[in-house]
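A.B. asks: Here you go, structure.txt (compact mmCIF, C-alpha atoms):
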# COMPACT_ATOMS: atom_id res chain seq x y z
CA MET A 134 0.00 0.00 0.00
CA LYS A 135 1.39 3.38 -1.00
CA SER A 136 1.44 6.03 1.72
CA THR A 137 1.01 9.75 1.31
CA PRO A 138 3.58 12.19 2.74
CA HIS A 139 1.18 13.39 5.46
CA GLN A 140 -0.51 10.10 6.29
CA HIS A 141 1.00 10.14 9.80
CA LEU A 142 -0.69 13.41 10.78
CA LYS A 143 -3.57 13.21 13.26
CA TYR A 144 -5.85 15.76 14.83
CA GLN A 145 -4.81 16.62 18.39
CA ILE A 146 -7.77 17.15 20.68
CA CYS A 147 -7.21 18.44 24.22
CA VAL A 148 -9.49 17.33 27.02
CA SER A 149 -9.55 19.79 29.88
CA GLY A 150 -11.39 19.34 33.16
CA ALA A 151 -11.15 19.11 36.91
CA ALA A 152 -8.56 16.85 38.52
CA GLU A 153 -10.74 16.73 41.64
CA THR A 154 -14.28 15.85 40.57
CA GLY A 155 -16.33 15.96 43.77
CA HIS A 156 -18.28 18.95 42.43
CA CYS A 157 -18.96 17.43 39.00
CA ASN A 158 -22.33 16.08 37.93
CA LYS A 159 -22.89 12.39 38.59
CA LYS A 160 -22.61 11.49 34.91
CA ALA A 161 -19.50 13.63 34.25
CA LEU A 162 -17.00 10.77 34.40
CA ASP A 163 -19.11 8.68 32.03
CA GLN A 164 -19.24 11.71 29.73
CA ALA A 165 -15.45 12.00 29.97
CA LYS A 166 -15.03 8.37 28.92
CA ARG A 167 -17.41 8.95 25.99
CA VAL A 168 -15.42 12.02 24.94
CA GLY A 169 -12.21 9.97 24.97
CA ARG A 170 -13.87 7.19 23.01
CA GLU A 171 -15.17 9.63 20.38
CA ILE A 172 -11.71 11.14 19.97
CA ALA A 173 -10.20 7.67 19.47
CA LEU A 174 -12.91 6.58 17.03
CA ARG A 175 -12.00 9.54 14.82
CA GLY A 176 -8.34 8.51 14.77
CA ALA A 177 -7.36 11.66 16.65
CA ILE A 178 -4.84 11.93 19.48
CA LEU A 179 -6.16 12.80 22.93
CA LEU A 180 -4.03 15.36 24.77
CA ASN A 181 -4.55 16.15 28.44
CA GLY A 182 -2.73 17.62 31.41
CA ALA A 183 -1.41 14.20 32.55
CA THR A 184 -3.65 14.47 35.57
CA THR A 185 -6.45 12.79 37.51
CA GLY A 186 -10.21 13.39 37.33
CA PHE A 187 -12.07 14.33 34.17
CA PRO A 188 -9.01 14.27 31.84
CA TYR A 189 -7.93 10.92 33.30
CA TRP A 190 -11.32 9.34 32.59
CA ALA A 191 -11.23 10.70 29.05
CA ALA A 192 -7.87 8.97 28.57
CA ILE A 193 -9.38 5.73 29.85
CA GLY A 194 -12.18 6.04 27.28
CA ALA A 195 -9.68 6.69 24.49
CA LYS A 196 -7.49 3.74 25.46
CA ASP A 197 -10.53 1.44 25.76
CA ALA A 198 -11.35 2.36 22.14
CA GLY A 199 -7.76 1.75 20.96
CA GLY A 200 -6.76 5.42 20.86
CA PHE A 201 -3.45 7.18 21.42
CA THR A 202 -3.03 9.53 24.38
CA VAL A 203 -0.44 12.17 25.29
CA GLY A 204 -0.20 13.94 28.63
CA ILE A 205 1.60 17.23 29.19
CA SER A 206 2.79 17.36 32.76
CA PRO A 207 3.49 20.42 34.89
CA ALA A 208 6.51 18.54 36.27
CA GLU A 209 10.06 18.52 34.96
CA THR A 210 10.62 14.78 35.40
CA GLU A 211 8.65 11.59 35.90
CA LYS A 212 9.85 11.46 39.51
CA GLU A 213 8.55 14.98 40.18
CA HIS A 214 5.33 14.17 38.31
CA VAL A 215 4.62 11.21 40.58
CA GLU A 216 6.15 12.30 43.89
CA LYS A 217 5.62 16.07 44.04
CA TYR A 218 2.49 16.52 41.92
CA LYS A 219 0.99 13.09 42.79
CA LEU A 220 -0.12 12.58 39.19
CA PRO A 221 -0.75 9.28 37.36
CA ILE A 222 1.30 7.80 34.54
CA ASP A 223 -1.17 5.15 33.37
CA TYR A 224 -3.50 5.43 30.35
CA LEU A 225 -0.99 7.70 28.61
CA ASP A 226 1.13 6.55 25.67
CA ALA A 227 3.52 9.47 26.12
CA ILE A 228 4.09 12.15 28.73
CA ILE A 229 5.84 15.42 27.99
CA TYR A 230 7.44 16.78 31.16
CA SER A 231 7.20 20.53 30.62
CA GLY A 232 8.66 21.75 33.91
CA TYR A 233 6.41 24.82 33.59
CA GLY A 234 4.08 24.25 36.54
CA TYR A 235 0.33 24.29 36.07
CA SER A 236 -0.10 27.64 34.30
CA GLY A 237 2.73 27.02 31.84
CA ARG A 238 1.51 23.48 31.23
CA ASN A 239 -1.98 24.85 30.50
CA MET A 240 -0.64 27.20 27.84
CA LEU A 241 1.51 24.53 26.19
CA LEU A 242 -1.35 22.02 26.28
CA THR A 243 -3.92 24.28 24.65
CA ARG A 244 -1.52 25.67 22.05
CA ALA A 245 -0.39 22.17 21.05
CA SER A 246 -4.00 21.18 20.37
CA ASP A 247 -6.12 21.60 17.27
CA ALA A 248 -9.22 21.91 19.45
CA VAL A 249 -10.02 21.93 23.17
CA ILE A 250 -12.87 20.20 24.98
CA ILE A 251 -13.89 21.72 28.29
CA GLY A 252 -15.50 19.30 30.74
CA CYS A 253 -16.45 19.66 34.36
CA GLY A 254 -13.82 21.97 35.75
CA ARG A 255 -12.59 24.51 38.21
CA ILE A 256 -10.21 27.47 37.92
CA GLY A 257 -7.48 25.57 36.00
CA THR A 258 -10.04 24.45 33.43
CA LEU A 259 -11.28 28.01 33.13
CA ASN A 260 -7.65 29.08 32.55
CA GLU A 261 -7.31 26.53 29.74
CA PHE A 262 -10.58 27.79 28.26
CA THR A 263 -9.43 31.42 28.26
CA VAL A 264 -6.02 30.57 26.73
CA ALA A 265 -7.71 28.54 23.98
CA PHE A 266 -10.30 31.30 23.48
CA GLU A 267 -7.67 34.03 23.16
CA ASN A 268 -5.77 31.86 20.65
CA GLY A 269 -8.91 31.38 18.53
CA LYS A 270 -8.98 27.61 18.99
CA PRO A 271 -12.13 25.60 18.33
CA ILE A 272 -13.57 24.88 21.79
CA GLY A 273 -16.25 22.42 22.79
CA VAL A 274 -17.93 23.03 26.15
CA LEU A 275 -19.45 19.79 27.43
CA LEU A 276 -22.70 20.94 29.01
CA ASP A 277 -24.31 19.05 31.90
CA SER A 278 -20.91 17.91 33.21
CA GLY A 279 -20.80 20.50 35.99
CA GLY A 280 -18.29 22.93 37.42
CA THR A 281 -17.30 25.95 35.35
CA THR A 282 -18.99 24.61 32.19
CA SER A 283 -22.26 26.07 33.42
CA MET A 284 -20.66 29.52 33.80
CA ILE A 285 -18.81 29.96 30.51
CA LYS A 286 -21.71 31.44 28.51
CA ASP A 287 -22.31 33.99 31.29
CA ILE A 288 -18.59 34.83 31.49
CA LEU A 289 -18.44 35.44 27.73
CA LYS A 290 -21.57 37.58 27.85
CA ALA A 291 -20.48 39.60 30.91
CA SER A 292 -17.08 40.26 29.33
CA HIS A 293 -18.70 41.23 25.99
CA ARG A 294 -16.68 38.54 24.20
CA GLU A 295 -19.34 36.03 23.09
CA LYS A 296 -18.80 36.92 19.39
CA ASP A 297 -14.98 37.11 19.47
CA ASN A 298 -14.49 33.38 18.84
CA PRO A 299 -17.26 31.89 16.68
CA LYS A 300 -15.73 28.42 17.11
CA VAL A 301 -17.08 27.84 20.65
CA VAL A 302 -19.62 25.02 20.71
CA PHE A 303 -21.92 24.19 23.62
CA GLU A 304 -23.22 20.60 23.61
CA SER A 305 -24.05 17.87 26.12
CA ASP A 306 -23.64 14.92 23.73
CA PRO A 307 -19.93 13.98 23.26
CA LYS A 308 -20.49 12.62 19.74
CA LYS A 309 -22.24 15.78 18.52
CA LEU A 310 -19.61 17.92 20.24
CA LEU A 311 -16.76 16.12 18.45
CA ASP A 312 -18.57 16.25 15.11
CA GLN A 313 -18.77 20.05 15.32
CA LEU A 314 -15.20 20.50 16.57
CA ILE A 315 -13.73 18.28 13.86
CA ASP A 316 -15.54 20.37 11.22
CA PHE A 317 -13.86 23.51 12.61
CA VAL A 318 -10.46 21.78 12.74
CA LYS A 319 -10.76 20.60 9.11
CA GLU A 320 -11.39 24.19 7.99
CA GLU A 321 -8.12 25.34 9.58
CA LYS A 322 -5.83 22.59 8.30
CA VAL A 323 -3.46 23.23 5.41
CA VAL A 324 -2.88 19.50 4.93
CA LYS A 325 -6.20 17.70 4.73
CA ILE A 326 -6.19 14.58 6.91
What does the file become when written as structure tokens?

C.D. replies:
Amino acid sequence: MKSTPHQHLKYQICVSGAAETGHCNKKALDQAKRVGREIALRGAILLNGATTGFPYWAAIGAKDAGGFTVGISPAETEKEHVEKYKLPIDYLDAIIYSGYGYSGRNMLLTRASDAVIIGCGRIGTLNEFTVAFENGKPIGVLLDSGGTTSMIKDILKASHREKDNPKVVFESDPKKLLDQLIDFVKEEKVVKI
């Protein structure tokens, strides 16, 4: 079989969400697994913050569906990742140890992604949303998952920014959310995958 020069390229979809999920809706972790599964079924790579909670469950869903996962850690080394940050190393095919702490990791994570999915989150998730928003990334907000997802529309409206990024999608169904995000990503690609 003959391969094309860009056959190896894959969409990179970031999954952002709370590491501590006690405030999330009851179905949020199931939604996270469905998000991961949908990413894998599209042949895309799941990126996350190499953390626990919502992003971790998305990685589980992706791996269960045969997907490829990459975590970007706030730590400088695997030892620091596990011992200082107390973060997992399972369900990830590769971990990039950024050494940038949480805020630097968030910027690297969102900029490395073709699109960002926002699930049940807290302040770190909101930070990833705003970085992706300011960079004009396609963003999917997973409604009904809890946390800051229920506030994002109000934040955009109160800050008079709701029209500044037309690629923000609000959806509670992971499949529909991914369908819309992938359409936005395809529009921005130079090399069609």

A.B. asks: Distance CA of Ala195 in chain A-CA of Lys217 in chain A, one decimal place?

C.D. replies: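 Atom-to-atom, CA of Ala195 in chain A to CA of Lys217 in chain A, that is 26.5 Å.
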
A.B. asks: Could you tell me which of A:Leu310, A:Ile288, A:Leu276, A:Cys253 comes closest to Ser149 in chain A if we count only C-alpha atoms?

C.D. replies: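 That would be A:Cys253, the residue with the smallest distance to Ser149 in chain A.
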
A.B. asks: Between CA of Val318 in chain A and CA of Pro271 in chain A, what distance in Å does the model show, to one decimal?

C.D. replies: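 So the two atoms, CA of Val318 in chain A and CA of Pro271 in chain A, lie 7.0 Å apart.
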
A.B. asks: Would you kindly return, as an NGL selection string, each protein, DNA or RNA residue with an atom no farther than 12 Å from any atom of Thr282 in chain A, considering all atoms listed in the file and excluding same-chain residues fewer than 4 positions away?

C.D. replies: :A and (149-151 or 156-158 or 161 or 250-256 or 258-259 or 262 or 272-278 or 286-289 or 302-305)

A.B. asks: Find the residue from A:Asn239, A:Lys309, A:Ile172, A:Ala248 that sits nearest to Lys322 in chain A; use all atoms listed in the file when measuring.

C.D. replies: A:Ala248

A.B. asks: Find the spatial neighbours of Ala177 in chain A, counting all atoms listed in the file, within a cut-off of 8 Å - ignore same-chain residues fewer than 6 positions away - and output them as a PyMOL selection string.

C.D. replies: chain A and resi 143-146+200-201

A.B. asks: Fewer than 3 positions away in the same chain doesn't count, so skip those; otherwise give me all residues within 9 Å of Val148 in chain A, counting only C-alpha atoms, as an MDAnalysis selection string.

C.D. replies: chainID A and resid 165 168:169 179:182 187:188 191:192 248:252

A.B. asks: Which polymer residues, whether protein, DNA or RNA, lie within 10 Å of the coordinate (-2.6, 11.8, 33.9) when you count all atoms listed in the file? List them as a PyMOL selection string, using the chain letters and numbers from the file.

C.D. replies: chain A and resi 152+180-193+202-206+214-215+219-225+228

A.B. asks: Using all atoms listed in the file, find the one residue out of A:Arg175, A:Arg238, A:Lys270, A:Lys308 that sits nearest to Gly257 in chain A.

C.D. replies: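 Using all atoms listed in the file, Gly257 in chain A sits closest to A:Arg238.
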
A.B. asks: Quick one, how far is CA of Ile178 in chain A from CA of Glu295 in chain A?

C.D. replies: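 Computing it gives 28.4 Å between the two atoms.
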
A.B. asks: Any idea what's packed within 10 Å of Ser231 in chain A, counting all atoms listed in the file, ignoring anything in its chain fewer than 6 positions away? Could you give it as a list in words?

C.D. replies: Ile205, Ser206, Pro207, Ala208, Glu209, Thr210, Gly237, Arg238, Leu241 and Leu242 of chain A

A.B. asks: Between A:Gly194, A:Asn298, A:Thr243, A:Gly234, which residue has the minimum interatomic distance to Asp163 in chain A, considering all atoms listed in the file?

C.D. replies: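 Comparing A:Gly194, A:Asn298, A:Thr243, A:Gly234 against Asp163 in chain A, the winner is A:Gly194.
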
A.B. asks: Go through A:Gly269, A:Gly279, A:Asp226, A:Arg167 and flag the residue nearest Ser246 in chain A, using only C-alpha atoms for the distances.

C.D. replies: A:Gly269

A.B. asks: Find the smallest box with edges along x, y and z containing every listed atom of range 298-310 of chain A, then add 4 Å on each side and report centre and edge lengths in Å to one decimal, as AutoDock Vina command-line options.

C.D. replies:
--center_x -19.3 --center_y 23.0 --center_z 21.4 --size_x 17.6 --size_y 28.8 --size_z 17.4

A.B. asks: Return range 235-268 of chain A, completed with N, CA and C atoms, as an mmCIF file, keeping the file's coordinate frame.

C.D. replies:
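The result, stored in out_23.cif:
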data_model
loop_
_atom_site.group_PDB
_atom_site.id
_atom_site.type_symbol
_atom_site.label_atom_id
_atom_site.label_comp_id
_atom_site.auth_asym_id
_atom_site.auth_seq_id
_atom_site.Cartn_x
_atom_site.Cartn_y
_atom_site.Cartn_z
ATOM 1 N N TYR A 235 1.676 24.435 36.628
ATOM 2 C CA TYR A 235 0.330 24.290 36.070
ATOM 3 C C TYR A 235 0.004 25.336 35.006
ATOM 4 N N SER A 236 0.305 26.611 35.267
ATOM 5 C CA SER A 236 -0.100 27.640 34.300
ATOM 6 C C SER A 236 0.668 27.517 32.988
ATOM 7 N N GLY A 237 1.954 27.223 33.055
ATOM 8 C CA GLY A 237 2.730 27.020 31.840
ATOM 9 C C GLY A 237 2.305 25.776 31.092
ATOM 10 N N ARG A 238 2.012 24.718 31.843
ATOM 11 C CA ARG A 238 1.510 23.480 31.230
ATOM 12 C C ARG A 238 0.205 23.753 30.498
ATOM 13 N N ASN A 239 -0.687 24.541 31.113
ATOM 14 C CA ASN A 239 -1.980 24.850 30.500
ATOM 15 C C ASN A 239 -1.803 25.547 29.146
ATOM 16 N N MET A 240 -0.878 26.476 29.088
ATOM 17 C CA MET A 240 -0.640 27.200 27.840
ATOM 18 C C MET A 240 -0.077 26.265 26.771
ATOM 19 N N LEU A 241 0.917 25.476 27.129
ATOM 20 C CA LEU A 241 1.510 24.530 26.190
ATOM 21 C C LEU A 241 0.469 23.525 25.699
ATOM 22 N N LEU A 242 -0.331 23.013 26.606
ATOM 23 C CA LEU A 242 -1.350 22.020 26.280
ATOM 24 C C LEU A 242 -2.370 22.564 25.280
ATOM 25 N N THR A 243 -2.892 23.741 25.535
ATOM 26 C CA THR A 243 -3.920 24.280 24.650
ATOM 27 C C THR A 243 -3.327 24.712 23.306
ATOM 28 N N ARG A 244 -2.137 25.252 23.312
ATOM 29 C CA ARG A 244 -1.520 25.670 22.050
ATOM 30 C C ARG A 244 -1.108 24.493 21.188
ATOM 31 N N ALA A 245 -0.785 23.366 21.796
ATOM 32 C CA ALA A 245 -0.390 22.170 21.050
ATOM 33 C C ALA A 245 -1.587 21.450 20.434
ATOM 34 N N SER A 246 -2.782 21.864 20.793
ATOM 35 C CA SER A 246 -4.000 21.180 20.370
ATOM 36 C C SER A 246 -4.646 21.868 19.176
ATOM 37 N N ASP A 247 -5.329 21.053 18.370
ATOM 38 C CA ASP A 247 -6.120 21.600 17.270
ATOM 39 C C ASP A 247 -7.470 22.104 17.765
ATOM 40 N N ALA A 248 -7.956 21.512 18.843
ATOM 41 C CA ALA A 248 -9.220 21.910 19.450
ATOM 42 C C ALA A 248 -9.173 21.517 20.929
ATOM 43 N N VAL A 249 -10.005 22.169 21.731
ATOM 44 C CA VAL A 249 -10.020 21.930 23.170
ATOM 45 C C VAL A 249 -11.448 21.614 23.613
ATOM 46 N N ILE A 250 -11.582 20.540 24.379
ATOM 47 C CA ILE A 250 -12.870 20.200 24.980
ATOM 48 C C ILE A 250 -12.811 20.545 26.455
ATOM 49 N N ILE A 251 -13.792 21.292 26.904
ATOM 50 C CA ILE A 251 -13.890 21.720 28.290
ATOM 51 C C ILE A 251 -14.967 20.887 28.977
ATOM 52 N N GLY A 252 -14.556 20.069 29.935
ATOM 53 C CA GLY A 252 -15.500 19.300 30.740
ATOM 54 C C GLY A 252 -15.605 19.900 32.121
ATOM 55 N N CYS A 253 -16.289 19.206 32.990
ATOM 56 C CA CYS A 253 -16.450 19.660 34.360
ATOM 57 C C CYS A 253 -15.126 20.171 34.899
ATOM 58 N N GLY A 254 -15.091 21.408 35.339
ATOM 59 C CA GLY A 254 -13.820 21.970 35.750
ATOM 60 C C GLY A 254 -13.909 22.964 36.876
ATOM 61 N N ARG A 255 -12.727 23.474 37.196
ATOM 62 C CA ARG A 255 -12.590 24.510 38.210
ATOM 63 C C ARG A 255 -11.750 25.633 37.605
ATOM 64 N N ILE A 256 -10.941 26.297 38.398
ATOM 65 C CA ILE A 256 -10.210 27.470 37.920
ATOM 66 C C ILE A 256 -9.159 27.127 36.869
ATOM 67 N N GLY A 257 -8.476 25.980 36.995
ATOM 68 C CA GLY A 257 -7.480 25.570 36.000
ATOM 69 C C GLY A 257 -8.125 25.309 34.647
ATOM 70 N N THR A 258 -9.302 24.710 34.666
ATOM 71 C CA THR A 258 -10.040 24.450 33.430
ATOM 72 C C THR A 258 -10.474 25.763 32.797
ATOM 73 N N LEU A 259 -10.905 26.692 33.623
ATOM 74 C CA LEU A 259 -11.280 28.010 33.130
ATOM 75 C C LEU A 259 -10.067 28.710 32.504
ATOM 76 N N ASN A 260 -8.887 28.532 33.110
ATOM 77 C CA ASN A 260 -7.650 29.080 32.550
ATOM 78 C C ASN A 260 -7.372 28.475 31.177
ATOM 79 N N GLU A 261 -7.529 27.170 31.043
ATOM 80 C CA GLU A 261 -7.310 26.530 29.740
ATOM 81 C C GLU A 261 -8.325 27.027 28.723
ATOM 82 N N PHE A 262 -9.560 27.239 29.155
ATOM 83 C CA PHE A 262 -10.580 27.790 28.260
ATOM 84 C C PHE A 262 -10.156 29.169 27.755
ATOM 85 N N THR A 263 -9.746 30.049 28.668
ATOM 86 C CA THR A 263 -9.430 31.420 28.260
ATOM 87 C C THR A 263 -8.199 31.460 27.358
ATOM 88 N N VAL A 264 -7.196 30.616 27.615
ATOM 89 C CA VAL A 264 -6.020 30.570 26.730
ATOM 90 C C VAL A 264 -6.445 30.106 25.340
ATOM 91 N N ALA A 265 -7.239 29.040 25.271
ATOM 92 C CA ALA A 265 -7.710 28.540 23.980
ATOM 93 C C ALA A 265 -8.579 29.587 23.278
ATOM 94 N N PHE A 266 -9.424 30.272 24.032
ATOM 95 C CA PHE A 266 -10.300 31.300 23.480
ATOM 96 C C PHE A 266 -9.478 32.435 22.876
ATOM 97 N N GLU A 267 -8.514 32.924 23.627
ATOM 98 C CA GLU A 267 -7.670 34.030 23.160
ATOM 99 C C GLU A 267 -6.851 33.633 21.927
ATOM 100 N N ASN A 268 -6.526 32.342 21.799
ATOM 101 C CA ASN A 268 -5.770 31.860 20.650
ATOM 102 C C ASN A 268 -6.669 31.459 19.484
#
